[in-house]
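Printed here is target.txt (compact mmCIF, C-alpha atoms):
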```txt
# COMPACT_ATOMS: atom_id res chain seq x y z
CA MET B 1 13.58 37.27 118.80
CA LYS B 2 13.77 40.63 120.52
CA SER B 3 10.27 41.52 119.36
CA ILE B 4 8.92 38.19 120.64
CA ALA B 5 10.62 38.69 124.00
CA LEU B 6 9.28 42.24 124.22
CA ALA B 7 5.77 41.09 123.37
CA THR B 8 5.98 38.38 126.06
CA ALA B 9 7.17 40.88 128.66
CA LEU B 10 4.37 43.28 127.79
CA ALA B 11 1.83 40.47 128.04
CA VAL B 12 3.08 39.57 131.52
CA LEU B 13 2.88 43.21 132.62
CA ALA B 14 -0.56 43.65 131.10
CA GLY B 15 -1.97 40.51 132.73
CA PRO B 16 -2.79 41.85 136.21
CA LEU B 17 -3.70 45.27 134.82
CA ALA B 18 -6.26 43.74 132.49
CA ALA B 19 -7.64 41.55 135.29
CA GLN B 20 -8.55 44.54 137.43
CA GLU B 21 -11.73 45.98 135.94
CA ARG B 22 -12.79 48.48 138.61
CA THR B 23 -11.58 50.31 141.71
CA LEU B 24 -14.11 51.31 144.37
CA GLN B 25 -13.31 54.17 146.75
CA LEU B 26 -14.48 53.74 150.35
CA GLY B 27 -14.18 56.84 152.55
CA HIS B 28 -15.07 57.10 156.25
CA LEU B 29 -14.47 59.30 159.30
CA ALA B 30 -12.73 56.85 161.68
CA ASN B 31 -8.98 56.67 162.26
CA GLU B 32 -6.70 53.75 161.42
CA ASP B 33 -6.99 52.22 164.92
CA ASN B 34 -10.78 52.10 164.81
CA SER B 35 -12.51 48.77 164.24
CA TRP B 36 -14.55 50.31 161.38
CA HIS B 37 -11.36 51.05 159.48
CA GLN B 38 -9.87 47.63 160.18
CA ALA B 39 -13.10 46.00 159.00
CA SER B 40 -13.02 48.19 155.87
CA VAL B 41 -9.52 46.94 155.09
CA LYS B 42 -10.74 43.37 155.64
CA PHE B 43 -13.63 44.06 153.26
CA ALA B 44 -11.19 45.31 150.61
CA GLU B 45 -9.07 42.18 150.95
CA GLU B 46 -12.12 39.91 150.63
CA VAL B 47 -13.49 41.76 147.60
CA GLU B 48 -10.17 41.34 145.81
CA ARG B 49 -10.06 37.64 146.74
CA LEU B 50 -13.68 36.85 145.83
CA THR B 51 -13.54 38.69 142.49
CA ASP B 52 -10.14 37.23 141.55
CA GLY B 53 -8.74 40.75 141.49
CA ARG B 54 -11.36 42.17 139.10
CA ILE B 55 -12.45 44.71 141.73
CA ALA B 56 -10.15 46.60 144.06
CA VAL B 57 -11.28 48.72 147.03
CA GLU B 58 -9.29 51.74 148.18
CA VAL B 59 -10.00 52.74 151.80
CA PHE B 60 -9.71 56.39 152.88
CA PRO B 61 -9.91 56.93 156.69
CA ASN B 62 -9.94 60.20 158.67
CA GLU B 63 -12.37 62.00 156.33
CA SER B 64 -9.56 62.12 153.76
CA LEU B 65 -12.09 61.51 150.97
CA GLY B 66 -14.57 63.98 152.50
CA LYS B 67 -16.90 64.47 155.46
CA GLU B 68 -19.80 62.09 155.99
CA ILE B 69 -22.54 64.27 154.46
CA ASP B 70 -20.29 65.19 151.53
CA LEU B 71 -19.66 61.50 150.84
CA ILE B 72 -23.40 60.76 150.99
CA ASN B 73 -24.05 63.55 148.50
CA GLY B 74 -21.25 62.23 146.29
CA MET B 75 -22.73 58.73 146.35
CA GLN B 76 -26.06 60.11 145.21
CA LEU B 77 -24.33 61.94 142.35
CA GLY B 78 -22.27 58.89 141.41
CA THR B 79 -18.89 60.49 142.21
CA VAL B 80 -18.27 58.42 145.38
CA ASP B 81 -18.69 54.66 145.68
CA MET B 82 -18.85 53.77 149.37
CA THR B 83 -18.91 55.05 152.94
CA ILE B 84 -19.82 54.11 156.51
CA THR B 85 -22.86 56.03 157.72
CA GLY B 86 -25.85 55.72 160.03
CA GLU B 87 -28.51 57.98 161.51
CA SER B 88 -27.31 60.87 159.32
CA LEU B 89 -29.32 59.17 156.56
CA GLN B 90 -32.55 60.22 158.33
CA ASN B 91 -32.24 63.46 156.36
CA TRP B 92 -33.42 61.36 153.40
CA ALA B 93 -34.89 58.24 155.02
CA PRO B 94 -36.74 59.03 158.29
CA MET B 95 -36.56 55.43 159.48
CA ALA B 96 -32.77 55.74 159.75
CA ALA B 97 -33.41 57.65 163.00
CA LEU B 98 -34.17 54.23 164.52
CA LEU B 99 -30.44 53.49 164.48
CA ALA B 100 -29.92 55.68 167.58
CA VAL B 101 -33.08 56.12 169.69
CA PRO B 102 -32.45 56.38 173.47
CA TYR B 103 -33.47 53.24 175.38
CA ALA B 104 -34.89 51.52 172.30
CA TYR B 105 -32.53 48.53 172.69
CA ASP B 106 -31.70 47.23 176.16
CA SER B 107 -28.97 44.85 175.00
CA LEU B 108 -26.62 44.22 172.11
CA GLU B 109 -28.58 41.05 171.36
CA ARG B 110 -31.86 42.97 171.12
CA MET B 111 -30.25 45.55 168.86
CA ASP B 112 -28.99 42.74 166.61
CA GLU B 113 -32.50 41.26 166.42
CA VAL B 114 -33.89 44.59 165.21
CA ALA B 115 -31.02 45.48 162.87
CA SER B 116 -31.08 42.06 161.17
CA GLY B 117 -34.84 41.55 161.30
CA GLU B 118 -38.01 42.94 159.72
CA ILE B 119 -37.55 46.48 161.06
CA GLY B 120 -33.96 46.50 159.84
CA ASP B 121 -35.15 45.37 156.39
CA ARG B 122 -37.63 48.27 156.29
CA ILE B 123 -34.94 50.76 157.30
CA GLU B 124 -32.59 49.48 154.60
CA GLN B 125 -35.31 49.48 151.94
CA GLN B 126 -36.20 53.09 152.70
CA ILE B 127 -32.53 54.12 152.57
CA VAL B 128 -32.16 52.51 149.14
CA GLU B 129 -35.37 54.06 147.80
CA ASN B 130 -35.02 57.55 149.29
CA ALA B 131 -31.26 58.08 149.53
CA GLN B 132 -30.09 55.92 146.59
CA ILE B 133 -27.57 54.29 148.95
CA ARG B 134 -27.50 50.55 149.68
CA PRO B 135 -26.53 49.16 153.11
CA LEU B 136 -24.36 46.05 152.73
CA ALA B 137 -23.57 45.25 156.37
CA TYR B 138 -23.76 46.90 159.77
CA PHE B 139 -21.31 47.52 162.60
CA ALA B 140 -22.25 47.90 166.27
CA ARG B 141 -21.37 51.05 168.17
CA GLY B 142 -20.46 51.06 171.84
CA PRO B 143 -23.31 52.10 174.16
CA ARG B 144 -23.21 55.73 175.28
CA GLU B 145 -22.31 56.13 178.97
CA LEU B 146 -22.49 59.14 181.30
CA THR B 147 -19.24 60.35 182.88
CA ALA B 148 -19.26 62.73 185.84
CA ASN B 149 -17.40 63.58 189.04
CA ARG B 150 -20.10 61.90 191.11
CA GLU B 151 -21.93 58.61 191.05
CA ILE B 152 -25.21 58.60 189.12
CA ARG B 153 -27.21 55.52 190.07
CA SER B 154 -30.79 56.71 189.40
CA PRO B 155 -32.52 59.58 187.57
CA ASP B 156 -32.87 61.40 190.91
CA ASP B 157 -29.08 61.73 191.02
CA LEU B 158 -29.20 63.80 187.80
CA ASN B 159 -30.98 66.72 189.44
CA GLY B 160 -29.33 69.92 188.19
CA LEU B 161 -26.39 68.11 186.55
CA LYS B 162 -24.82 70.37 183.92
CA MET B 163 -23.88 68.04 181.08
CA ARG B 164 -22.78 68.32 177.50
CA VAL B 165 -24.84 66.64 174.79
CA PRO B 166 -24.50 66.69 170.99
CA ASN B 167 -26.68 69.24 169.22
CA VAL B 168 -29.49 66.72 168.74
CA PRO B 169 -32.92 67.92 169.94
CA LEU B 170 -33.96 64.40 170.93
CA PHE B 171 -30.95 64.06 173.25
CA VAL B 172 -31.48 67.53 174.78
CA ASN B 173 -35.16 66.90 175.51
CA VAL B 174 -34.66 63.41 176.92
CA TRP B 175 -31.94 64.49 179.35
CA SER B 176 -34.04 67.47 180.41
CA ALA B 177 -36.93 65.10 181.17
CA LEU B 178 -34.57 62.99 183.26
CA GLY B 179 -33.75 66.01 185.42
CA ALA B 180 -30.36 67.10 184.07
CA GLN B 181 -29.40 70.46 182.55
CA PRO B 182 -28.15 69.44 179.08
CA THR B 183 -26.01 71.89 177.12
CA PRO B 184 -25.38 71.33 173.39
CA MET B 185 -21.69 71.88 172.70
CA ALA B 186 -19.11 71.03 170.05
CA PHE B 187 -17.11 67.97 171.02
CA SER B 188 -13.85 69.90 170.67
CA GLU B 189 -14.91 72.14 173.59
CA VAL B 190 -15.87 69.38 176.03
CA PHE B 191 -12.52 68.64 177.70
CA THR B 192 -11.80 72.28 178.53
CA SER B 193 -15.38 72.84 179.71
CA LEU B 194 -15.11 69.88 182.08
CA GLN B 195 -11.73 71.10 183.25
CA ASN B 196 -12.94 74.61 184.12
CA GLY B 197 -16.30 73.53 185.54
CA THR B 198 -18.54 75.02 182.85
CA ILE B 199 -20.14 71.57 182.71
CA ASP B 200 -20.08 68.67 185.18
CA ALA B 201 -20.60 65.71 182.88
CA GLN B 202 -20.78 64.37 179.32
CA GLU B 203 -21.93 61.19 177.58
CA ASN B 204 -20.20 59.07 174.94
CA PRO B 205 -19.11 55.49 174.19
CA LEU B 206 -16.11 54.13 176.11
CA ALA B 207 -13.83 54.33 173.05
CA LEU B 208 -14.38 58.09 172.78
CA ILE B 209 -14.16 58.62 176.54
CA ARG B 210 -10.77 56.93 176.37
CA SER B 211 -9.41 58.64 173.24
CA ALA B 212 -10.51 62.08 174.51
CA SER B 213 -8.62 61.54 177.82
CA PHE B 214 -11.72 62.35 179.87
CA ALA B 215 -10.20 60.28 182.70
CA GLU B 216 -8.07 63.34 183.43
CA VAL B 217 -11.15 65.44 184.28
CA GLN B 218 -13.86 62.89 185.22
CA ASP B 219 -13.91 60.34 188.04
CA PHE B 220 -16.89 58.10 187.25
CA VAL B 221 -18.29 56.20 184.29
CA ASN B 222 -21.97 55.68 185.05
CA LEU B 223 -23.16 52.75 182.95
CA THR B 224 -26.41 54.25 181.68
CA ASP B 225 -26.22 52.44 178.30
CA HIS B 226 -28.74 55.05 177.17
CA VAL B 227 -28.12 54.73 173.43
CA ARG B 228 -27.20 51.53 171.64
CA SER B 229 -26.81 51.98 167.92
CA TRP B 230 -25.39 50.61 164.72
CA ILE B 231 -23.94 52.04 161.52
CA TYR B 232 -23.94 50.77 157.94
CA LEU B 233 -21.25 49.89 155.43
CA THR B 234 -22.89 51.27 152.29
CA ILE B 235 -22.47 51.46 148.53
CA SER B 236 -23.89 53.95 146.05
CA GLU B 237 -26.92 52.54 144.26
CA GLN B 238 -25.48 53.92 141.01
CA THR B 239 -22.30 51.91 141.56
CA TRP B 240 -24.29 48.82 142.58
CA THR B 241 -26.39 48.79 139.42
CA GLN B 242 -23.24 48.91 137.28
CA LEU B 243 -21.93 45.64 138.75
CA SER B 244 -22.61 42.17 137.43
CA ASP B 245 -24.70 39.73 139.50
CA GLU B 246 -21.52 37.74 140.16
CA ASP B 247 -19.66 40.78 141.48
CA ARG B 248 -22.63 41.92 143.57
CA ALA B 249 -22.71 38.51 145.23
CA ALA B 250 -18.97 38.70 145.91
CA ILE B 251 -19.24 42.19 147.42
CA GLN B 252 -22.17 41.13 149.60
CA GLU B 253 -20.23 38.11 150.85
CA ALA B 254 -17.18 40.27 151.56
CA ALA B 255 -19.38 42.70 153.50
CA GLN B 256 -20.74 39.88 155.67
CA ILE B 257 -17.20 38.69 156.42
CA ALA B 258 -16.25 42.27 157.33
CA GLN B 259 -19.31 42.54 159.61
CA ASP B 260 -18.33 39.39 161.50
CA TYR B 261 -14.73 40.54 161.76
CA GLU B 262 -15.73 43.99 163.04
CA ARG B 263 -17.92 42.39 165.74
CA GLU B 264 -14.93 40.47 167.08
CA LEU B 265 -12.86 43.67 167.22
CA PHE B 266 -15.77 45.60 168.77
CA LEU B 267 -16.25 43.12 171.63
CA GLU B 268 -12.52 43.11 172.34
CA SER B 269 -12.47 46.91 172.40
CA LEU B 270 -15.21 47.11 175.06
CA ASP B 271 -13.01 45.15 177.45
CA THR B 272 -9.75 46.90 176.60
CA ASP B 273 -11.32 50.38 176.76
CA ARG B 274 -12.85 49.68 180.17
CA GLN B 275 -9.57 48.31 181.50
CA ALA B 276 -7.67 51.34 180.19
CA LEU B 277 -10.11 53.76 181.83
CA GLU B 278 -9.97 51.88 185.13
CA ASP B 279 -6.18 51.91 184.96
CA ALA B 280 -6.41 55.68 184.45
CA GLY B 281 -8.35 56.01 187.70
CA MET B 282 -12.01 56.00 186.62
CA THR B 283 -14.59 54.10 188.68
CA PHE B 284 -17.39 52.26 186.87
CA VAL B 285 -20.84 52.58 188.45
CA GLU B 286 -23.81 50.23 187.93
CA VAL B 287 -27.01 52.17 187.22
CA ASP B 288 -30.74 51.47 187.64
CA ASN B 289 -31.25 51.27 183.88
CA ALA B 290 -34.93 50.37 184.18
CA ALA B 291 -35.64 53.55 186.14
CA PHE B 292 -33.81 55.66 183.55
CA ALA B 293 -35.66 53.99 180.67
CA ASP B 294 -39.07 54.34 182.32
CA ARG B 295 -38.60 58.05 182.94
CA ALA B 296 -37.15 58.69 179.46
CA ARG B 297 -39.79 56.94 177.35
CA ASP B 298 -42.43 59.67 177.27
CA ALA B 299 -39.80 62.25 176.32
CA VAL B 300 -38.48 59.99 173.55
CA LEU B 301 -41.95 59.37 172.11
CA SER B 302 -42.87 63.05 172.12
CA ASN B 303 -39.64 64.00 170.35
CA VAL B 304 -39.24 61.37 167.62
CA GLY B 305 -40.73 61.94 164.18
CA GLU B 306 -44.26 60.80 163.43
CA ASP B 307 -42.87 58.45 160.77
CA ILE B 308 -41.09 56.29 163.32
CA ARG B 309 -43.13 56.86 166.50
CA PRO B 310 -45.27 53.69 166.03
CA VAL B 311 -42.12 51.60 165.64
CA VAL B 312 -40.55 53.14 168.76
CA GLU B 313 -43.77 52.46 170.70
CA GLU B 314 -43.60 48.86 169.51
CA LEU B 315 -39.96 48.53 170.61
CA PHE B 316 -40.74 49.99 174.04
CA ALA B 317 -43.75 47.68 174.47
CA GLU B 318 -41.68 44.61 173.60
CA GLN B 319 -39.00 45.60 176.11
CA SER B 320 -41.58 46.16 178.86
CA ALA B 321 -43.12 42.77 178.14
CA GLY B 322 -39.74 41.09 178.28
CA ASN B 323 -38.66 42.65 181.60
```
The structure given in the file should be rewritten as structure tokens.
Amino acid sequence: MKSIALATALAVLAGPLAAQERTLQLGHLANEDNSWHQASVKFAEEVERLTDGRIAVEVFPNESLGKEIDLINGMQLGTVDMTITGESLQNWAPMAALLAVPYAYDSLERMDEVASGEIGDRIEQQIVENAQIRPLAYFARGPRELTANREIRSPDDLNGLKMRVPNVPLFVNVWSALGAQPTPMAFSEVFTSLQNGTIDAQENPLALIRSASFAEVQDFVNLTDHVRSWIYLTISEQTWTQLSDEDRAAIQEAAQIAQDYERELFLESLDTDRQALEDAGMTFVEVDNAAFADRARDAVLSNVGEDIRPVVEELFAEQSAGN
């Protein structure tokens, strides 16, 4: 009797262990409050539900599984399963640069059309072929805005403005063409540099402006909307090919649910971030976006890679026709 009881107990314990066939590790750079992380957790829950527990997903925020480029390299080697990544993939797939071209998308709706349309399909196909990484879904990123201690309503107001930009040649050259004096600088140095007057301005999405406490050293958020971009939830092609058709379908469905969920969180965050910055004393300034875009286009076209220049020209032409 004891042996029967023991065998039954072991069978009960072994049941859920046997049901779980695989654990996927998903690492990313965002913190636990970020909508990307919350959507990743939602994705993990949906994968478990849709595979009846056969596949589990462990989510590692805050670069705890590695930095973005390290994770990409690991996915190519087959040692990492998943990450959230975007224009960094242009190192392998040049078309990935289209995820963050200044003034290429004049609205969230237009960005969605491109990301989910024929151009988006071409970007994703090149990423799969060249980087051996498969995009499953995409998340929107907040538009980059220009903060300063003065109102910037037109490109003429930029004259001589000392501003920090990321160390991205395209960004440096575009802001120079607009009349500013862009200075590449590590993000960790920006607050102090604004505080001591080394620079007068910087540009980032509202979420980062808020989390970096720039309201303490900047008075205005000038709504330039100069870069709208998206980022992908991705899986290693090696991992993908090891999954059954049934499990691939489940993971793809879970990714779509996560994408829809992240969009809800993203739209809410735009409102809450703006309100928080206004409450902290910042004034939001409407900008002549058309004037900025018109003056920036030549600089953008002369500084993007030849591989994507025809596509950027097409995007600019469509925007001009629509306005």
Compile a residue-level contact table for region 92-204 of chain B against region 253-276 of chain B at a cut-off of 12 Å, reporting for every qualifying residue the shortest atom pair and its distance in Å to one decimal, with all atoms listed in the file counted, rows ordered by chain and ascending number, as CSV.
```
residue,atom,partner,partner_atom,distance
B:Leu108,CA,B:Leu267,CA,10.4
B:Asp112,CA,B:Arg263,CA,11.1
B:Ser116,CA,B:Gln259,CA,11.9
B:Arg134,CA,B:Ala255,CA,11.9
B:Pro135,CA,B:Ala255,CA,9.6
B:Leu136,CA,B:Ala255,CA,6.1
B:Ala137,CA,B:Ala255,CA,5.7
B:Tyr138,CA,B:Gln259,CA,6.2
B:Phe139,CA,B:Gln259,CA,6.1
B:Ala140,CA,B:Arg263,CA,7.0
B:Arg141,CA,B:Phe266,CA,7.8
B:Gly142,CA,B:Leu270,CA,7.3
B:Pro143,CA,B:Leu270,CA,9.6
B:Arg144,CA,B:Leu270,CA,11.8
B:Glu145,CA,B:Arg274,CA,11.5
```
Nearest to Asp247 (chain B), chosen from B:Thr51, B:Ser35, B:Asn173, B:Ser229, with only C-alpha atoms counted in the distances: B:Thr51
With all atoms listed in the file as the atoms that count, which of B:Thr283, B:Ser40, B:Asn91, B:Ser193 lies nearest to Ala131 (chain B)? B:Asn91
Selection near Leu170 (chain B), 10 Å with only C-alpha atoms, sequence-local residues under 5 positions removed, as a PyMOL selection string: chain B and resi 101-102+175-176+299-305
Show me, as an mmCIF file with C-alpha atoms, keeping the file's coordinate frame, the residues that have an atom within 12 Å of Ser213 (chain B) when counting only C-alpha atoms, minus same-chain residues fewer than 6 positions from it.
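Now in out32.cif:
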```cif
data_model
loop_
_atom_site.group_PDB
_atom_site.id
_atom_site.type_symbol
_atom_site.label_atom_id
_atom_site.label_comp_id
_atom_site.auth_asym_id
_atom_site.auth_seq_id
_atom_site.Cartn_x
_atom_site.Cartn_y
_atom_site.Cartn_z
ATOM 1 C CA THR B 147 -19.240 60.350 182.880
ATOM 2 C CA VAL B 190 -15.870 69.380 176.030
ATOM 3 C CA PHE B 191 -12.520 68.640 177.700
ATOM 4 C CA THR B 192 -11.800 72.280 178.530
ATOM 5 C CA LEU B 194 -15.110 69.880 182.080
ATOM 6 C CA GLN B 195 -11.730 71.100 183.250
ATOM 7 C CA LEU B 206 -16.110 54.130 176.110
ATOM 8 C CA ALA B 207 -13.830 54.330 173.050
ATOM 9 C CA ASP B 219 -13.910 60.340 188.040
ATOM 10 C CA ASP B 273 -11.320 50.380 176.760
ATOM 11 C CA ALA B 276 -7.670 51.340 180.190
ATOM 12 C CA LEU B 277 -10.110 53.760 181.830
ATOM 13 C CA ALA B 280 -6.410 55.680 184.450
ATOM 14 C CA GLY B 281 -8.350 56.010 187.700
ATOM 15 C CA MET B 282 -12.010 56.000 186.620
#
```
